[in-house]
Each structure stands twice: as C-alpha cells, then as structure tokens.
Amino acid sequence: MTGSSADRTARTGVVLVNHDSAEDTVGCIASLEASYDLDMDVVVIDNSDSEDSLTSLRDLVGDRAVVLSSGGNLGYAGGSNVGIRRCLERGNEFVWLLNPDTRVEPETLPRLKALLAEVPDCGVVGPRIVHPAPPGGTETVWFDGGIVDESKSGETRHLHQGRGVAQVAPPTVRDVDYVTGASLLTRRTVLETVGLLPDSYFLYFEETHWCRDVRRAGWRVMVDQQARMLHHQRSTGAMPSPYHLYYMTRNRFLFVERALGGDGEAALAQLRGKWLRNWRRKVEKQAPEWLPEFDALVERAAADARAGRDGRNDAVSHVPWPDDVVRTETPTDRPRDVG
C-alpha cells in the first residue's frame, strides 16, 4: 500500500472520513493493508470540530495514511469531498469512499475494480456488506444494493437487509439505484463529469442523490455481491439519536423534491406512516416523557424542509435526552453510521 508515499500515484485513492472514530479508522486501515490490491493511496479526513483531534489522529495513524483536516465537521459529503479533491489532485484513477467502521476483505477491491474493467459504462460499484456473526449466530446482510421506491414517495431501502447470508440467493452482479457511502468505488472520470457529492444535506441521502445524478449522466450504478465487506453493527436500542431523527426526516423531504422532482409532502406523509411511527412507538414505550421532544423535533425537521433550509443544524445536538435508555444511530430500514 502506497499510503503517504509521494513518489508515485496509486490507481486507487481511498477516503476515510473520521469523526470521533479513531480506533475504527485504524482498524479499517489495517484491513486495507491485507488487501490483495495494495496499489492505493489512503487519505484520512479528520472531520471534527475539536482542535486536538487532528494531532491525536496523526499520532495514531502515523505514516500509514495521509491525515488531513476538513476544518470542522462538514458532514459526510463535505468531509468526503475534501478527500476526493485530494485524490483528484494526486491523479488517482479510482476513488473509494469507506466508512471507518467497515473492514474490507482481501478480495474486495480487486473484485470491484474487475467489474469496472469488465463494464466500461459502470460508473459506481459497491460490495455486499454484512454484519459479522454474533456468538452462536450467523452473518446477516446489511447492504446488497440500494433501492429507491418512487411508488412510495422515494422510500429507500437496502436489499436483503437483516437476512442471513445463507438465506438469500447466491451472490450476483446487479444494477441498483444507489450504492451506500459506507463503501462506494467510482472512477475519476465520473467525478470530473458529474461533480462531487452534494454537501447541502450534511448527513444522509447525499450519496443517494449523487448516484441518481450519475445514472442521469448515462453511467450504470452496480453492486457486485461477490465482493464482501464487514460492517460493525452499532447499538440497536430503543431510541434514535436526535440528529438521526432530524436529518433523516428533513433530508427525505429535500431528496424527493431535489433529486426526484417529486412531492416532499407526500414523502413526509409516507415517512410519518411507517418509519417515524415505528420510532414513536418505541419512544412511547421506553421513554414516554420524551414524546413532546420527539414530536417537536419531527416538526422542526418538517418546517426546515418546507423552508428549504439545509446544511448543518447545530441546535439539533442540544435536544435533551432521557438518561436511562439505550440510544441508537442505526435505523431499521435506512441504516448508515457516519459522523
């Protein structure tokens, strides 16, 4: 792995956006170092508001990767774009976006690049991502391809999510609506023609919107389920985090109107009838005293979406939490953990 070497340009530039996840980031780098394709430059973007984060991250990573600061928490797309620009400046032929809490397998990158070589009009490709087996359990699929259901006002879902790997059909290659930003490999020519990720969402739906633009530009978006990765499963407790609830609600509305040209109000109604209703029931059961805050946060997200307000909203992080419940940042029907 070329890592921080400046004497040559690797074919693949790898971008890891770190947000209070230094141990995960180092673990992901270690898995990259075991890849059968080591022709890669790795750049870690410190996407933190903390002044001390960059120094401590550089000390931890050492010379295994280049570590750059984004200048503050720019959200998933904003942080990723800092790394993407660096890869384009370096001249990398491919750019691979990875979440720090993923672990690649030795054949992951070679398989993904082989598909790009075999399918010249494939602009974006992702792997099958699985949750590792718990003690006495079995591996489960987290991502086998992203689906946007326009008949349900732009509802998004992960194919085969939650099913045991042994329970689904044999792995195949297929076209999809989007590839999760947890592992997204693309060509520099795609980035040069379509542009960088839209950073107005701050968190959630940016890669979904971008993949839509990629397909509109004439490229195929695909998943090779034979290429595998692991994703560390986060808590699946009773409560959503405030930022997850807010950004998922607001950005679903914005995504449908901006990317699909659809009805944001219909999208919000569909979200209330399923995803938000399920979360509200859990809150009502586990922490009923938080229901007024839950409802107010949903209404704030809806109002901001209607007003076209996007980007980072610092007020969300100050929403009070009940102290005696398990919190989660992983929803049951649209998961992805990124700072």
# chains A, B, ... in the order shown; residues from 1 in each chain; ligands from 1
call {"tool": "select_by_dssp", "arguments": {"residues": "stretch 154-192 of chain A", "states": "strand (DSSP E)", "output": "list in words"}}
result
Glu155, Thr156, Arg157, His158, Val173, Arg174, Asp175, Ser183, Leu184, Leu185, Thr186 and Arg187 of chain A
call {"tool": "closest_residue", "arguments": {"among": "A:Ser80, A:Thr156, A:Thr172, A:Asn18", "to": "A:Asp101", "atoms": "only C-alpha atoms"}}
result
A:Asn18
call {"tool": "select_by_dssp", "arguments": {"residues": "stretch 83-247 of chain A", "states": "alpha helix (DSSP H)", "output": "PyMOL selection string"}}
result
chain A and resi 83-90+108-118+188-194+206-216+242-247
call {"tool": "residues_around", "arguments": {"residues": "A:Met229", "least_positions_apart": "2", "cutoff": "12 Å", "atoms": "only C-alpha atoms", "output": "VMD selection string"}}
result
chain A and resid 28 31 to 32 35 98 to 99 101 to 109 111 to 112 126 to 132 139 to 144 182 to 184 224 to 227 231 to 232
call {"tool": "atom_distance", "arguments": {"atom1": "atom CA of A:Glu299", "atom2": "atom CA of A:Pro198"}}
result
24.3 Å
call {"tool": "atom_distance", "arguments": {"atom1": "atom CA of A:Ser56", "atom2": "atom CA of A:Leu203"}}
result
24.7 Å
call {"tool": "residues_around", "arguments": {"residues": "A:Leu57", "least_positions_apart": "3", "cutoff": "8 Å", "atoms": "only C-alpha atoms", "output": "ChimeraX atom specification"}}
result
/A:22,46,53-54,60-61,67
call {"tool": "closest_residue", "arguments": {"among": "A:Asp49, A:Glu206, A:Glu23, A:Asp177", "to": "A:Gly145", "atoms": "only C-alpha atoms"}}
result
A:Asp177
call {"tool": "closest_residue", "arguments": {"among": "A:Thr193, A:Ser70, A:Ser151, A:Thr55", "to": "A:Ala217", "atoms": "only C-alpha atoms"}}
result
A:Thr193
call {"tool": "residues_around", "arguments": {"residues": "A:Leu276", "least_positions_apart": "2", "cutoff": "10 Å", "atoms": "only C-alpha atoms", "output": "VMD selection string"}}
result
chain A and resid 245 248 to 249 268 to 274 278 to 282 294 to 295 298
call {"tool": "residues_around", "arguments": {"residues": "A:Tyr246", "least_positions_apart": "2", "cutoff": "10 Å", "atoms": "only C-alpha atoms", "output": "tab-separated table (two decimals) with N, CA, C and O atoms, in the first residue's frame"}}
result
chain	number	residue	atom	x	y	z
A	203	LEU	N	-25.93	15.25	6.24
A	203	LEU	CA	-25.89	13.86	6.68
A	203	LEU	C	-27.13	13.13	6.16
A	203	LEU	O	-28.25	13.61	6.35
A	240	PRO	N	-33.85	6.57	18.77
A	240	PRO	CA	-33.00	7.18	17.74
A	240	PRO	C	-32.26	8.36	18.36
A	240	PRO	O	-32.72	8.97	19.32
A	241	SER	N	-31.12	8.69	17.81
A	241	SER	CA	-30.45	9.91	18.28
A	241	SER	C	-31.18	11.11	17.69
A	241	SER	O	-31.81	11.02	16.63
A	242	PRO	N	-31.14	12.27	18.36
A	242	PRO	CA	-31.81	13.45	17.82
A	242	PRO	C	-31.34	13.81	16.41
A	242	PRO	O	-32.15	14.13	15.54
A	243	TYR	N	-30.02	13.77	16.17
A	243	TYR	CA	-29.54	14.17	14.85
A	243	TYR	C	-30.00	13.18	13.79
A	243	TYR	O	-30.30	13.56	12.64
A	244	HIS	N	-30.08	11.90	14.14
A	244	HIS	CA	-30.55	10.91	13.16
A	244	HIS	C	-32.01	11.17	12.80
A	244	HIS	O	-32.38	11.17	11.62
A	248	MET	N	-32.72	12.58	8.95
A	248	MET	CA	-33.44	11.61	8.12
A	248	MET	C	-34.80	12.16	7.69
A	248	MET	O	-35.22	11.98	6.55
A	249	THR	N	-35.48	12.86	8.59
A	249	THR	CA	-36.79	13.42	8.26
A	249	THR	C	-36.66	14.59	7.29
A	249	THR	O	-37.32	14.62	6.24
A	250	ARG	N	-35.83	15.55	7.64
A	250	ARG	CA	-35.67	16.73	6.78
A	250	ARG	C	-35.15	16.36	5.40
A	250	ARG	O	-35.67	16.82	4.37
A	251	ASN	N	-34.15	15.49	5.36
A	251	ASN	CA	-33.48	15.21	4.09
A	251	ASN	C	-34.27	14.28	3.19
A	251	ASN	O	-34.08	14.29	1.97
A	294	PHE	N	-39.65	14.51	20.98
A	294	PHE	CA	-39.65	13.74	19.73
A	294	PHE	C	-40.53	14.44	18.70
A	294	PHE	O	-40.12	14.69	17.56
A	297	LEU	N	-39.16	17.75	17.48
A	297	LEU	CA	-38.01	17.61	16.59
A	297	LEU	C	-38.47	17.22	15.18
A	297	LEU	O	-37.94	17.73	14.18
A	298	VAL	N	-39.46	16.35	15.08
A	298	VAL	CA	-40.00	15.98	13.78
A	298	VAL	C	-40.61	17.21	13.10
A	298	VAL	O	-40.40	17.45	11.89
A	299	GLU	N	-41.35	18.00	13.86
A	299	GLU	CA	-41.98	19.19	13.27
A	299	GLU	C	-40.93	20.23	12.86
A	299	GLU	O	-41.10	20.92	11.86
A	300	ARG	N	-39.86	20.33	13.65
A	300	ARG	CA	-38.78	21.24	13.26
A	300	ARG	C	-38.16	20.80	11.95
A	300	ARG	O	-37.88	21.62	11.07
A	301	ALA	N	-37.92	19.49	11.82
A	301	ALA	CA	-37.33	18.97	10.59
A	301	ALA	C	-38.24	19.23	9.40
A	301	ALA	O	-37.78	19.61	8.32
A	302	ALA	N	-39.54	19.01	9.59
A	302	ALA	CA	-40.51	19.23	8.51
A	302	ALA	C	-40.56	20.71	8.12
A	302	ALA	O	-40.59	21.06	6.93
A	304	ASP	N	-38.23	23.00	8.54
A	304	ASP	CA	-36.99	23.38	7.86
A	304	ASP	C	-36.96	22.89	6.43
A	304	ASP	O	-36.48	23.58	5.52
A	313	ASN	N	-27.25	21.81	11.24
A	313	ASN	CA	-28.11	22.48	12.21
A	313	ASN	C	-27.60	22.16	13.61
A	313	ASN	O	-27.85	21.08	14.14
A	316	VAL	N	-29.75	20.89	16.80
A	316	VAL	CA	-30.24	19.52	16.96
A	316	VAL	C	-29.48	18.78	18.05
A	316	VAL	O	-30.05	18.00	18.81
A	317	SER	N	-28.18	19.01	18.14
A	317	SER	CA	-27.38	18.29	19.12
A	317	SER	C	-27.70	18.67	20.56
A	317	SER	O	-27.29	17.99	21.50
call {"tool": "closest_residue", "arguments": {"among": "A:Gly75, A:Asp39, A:Ile147, A:Arg157", "to": "A:Trp275", "atoms": "only C-alpha atoms"}}
result
A:Arg157
call {"tool": "residues_around", "arguments": {"residues": "A:Arg64", "least_positions_apart": "3", "cutoff": "12 Å", "atoms": "only C-alpha atoms", "output": "PyMOL selection string"}}
result
chain A and resi 1-5+25-33+40-44+57-61+67
call {"tool": "atom_distance", "arguments": {"atom1": "atom CA of A:Ser48", "atom2": "atom CA of A:Arg252"}}
result
25.0 Å
call {"tool": "decode", "arguments": {"residues": "stretch 245-258 of chain A", "atoms": "N, CA, C and O atoms", "output": "tab-separated table (two decimals), in the first residue's frame"}}
result
chain	number	residue	atom	x	y	z
A	245	LEU	N	-32.81	11.40	13.79
A	245	LEU	CA	-34.23	11.66	13.57
A	245	LEU	C	-34.43	12.92	12.73
A	245	LEU	O	-35.21	12.93	11.76
A	246	TYR	N	-33.71	13.97	13.07
A	246	TYR	CA	-33.87	15.25	12.37
A	246	TYR	C	-33.42	15.16	10.91
A	246	TYR	O	-34.18	15.51	9.99
A	247	TYR	N	-32.18	14.70	10.69
A	247	TYR	CA	-31.64	14.73	9.33
A	247	TYR	C	-32.34	13.72	8.42
A	247	TYR	O	-32.50	13.97	7.22
A	248	MET	N	-32.72	12.58	8.95
A	248	MET	CA	-33.44	11.61	8.12
A	248	MET	C	-34.80	12.16	7.69
A	248	MET	O	-35.22	11.98	6.55
A	249	THR	N	-35.48	12.86	8.59
A	249	THR	CA	-36.79	13.42	8.26
A	249	THR	C	-36.66	14.59	7.29
A	249	THR	O	-37.32	14.62	6.24
A	250	ARG	N	-35.83	15.55	7.64
A	250	ARG	CA	-35.67	16.73	6.78
A	250	ARG	C	-35.15	16.36	5.40
A	250	ARG	O	-35.67	16.82	4.37
A	251	ASN	N	-34.15	15.49	5.36
A	251	ASN	CA	-33.48	15.21	4.09
A	251	ASN	C	-34.27	14.28	3.19
A	251	ASN	O	-34.08	14.29	1.97
A	252	ARG	N	-35.16	13.46	3.75
A	252	ARG	CA	-36.04	12.67	2.89
A	252	ARG	C	-36.92	13.60	2.06
A	252	ARG	O	-37.09	13.41	0.85
A	253	PHE	N	-37.46	14.62	2.69
A	253	PHE	CA	-38.28	15.63	2.00
A	253	PHE	C	-37.44	16.31	0.92
A	253	PHE	O	-37.87	16.42	-0.24
A	254	LEU	N	-36.25	16.78	1.29
A	254	LEU	CA	-35.41	17.51	0.34
A	254	LEU	C	-34.96	16.62	-0.81
A	254	LEU	O	-34.92	17.05	-1.96
A	255	PHE	N	-34.61	15.36	-0.51
A	255	PHE	CA	-34.17	14.43	-1.55
A	255	PHE	C	-35.27	14.22	-2.58
A	255	PHE	O	-35.01	14.26	-3.80
A	256	VAL	N	-36.47	13.98	-2.13
A	256	VAL	CA	-37.57	13.71	-3.06
A	256	VAL	C	-37.83	14.92	-3.96
A	256	VAL	O	-38.05	14.78	-5.17
A	257	GLU	N	-37.79	16.12	-3.39
A	257	GLU	CA	-38.05	17.31	-4.20
A	257	GLU	C	-36.87	17.65	-5.10
A	257	GLU	O	-37.06	18.00	-6.28
A	258	ARG	N	-35.65	17.53	-4.61
A	258	ARG	CA	-34.48	17.99	-5.36
A	258	ARG	C	-33.95	16.95	-6.33
A	258	ARG	O	-33.51	17.30	-7.44
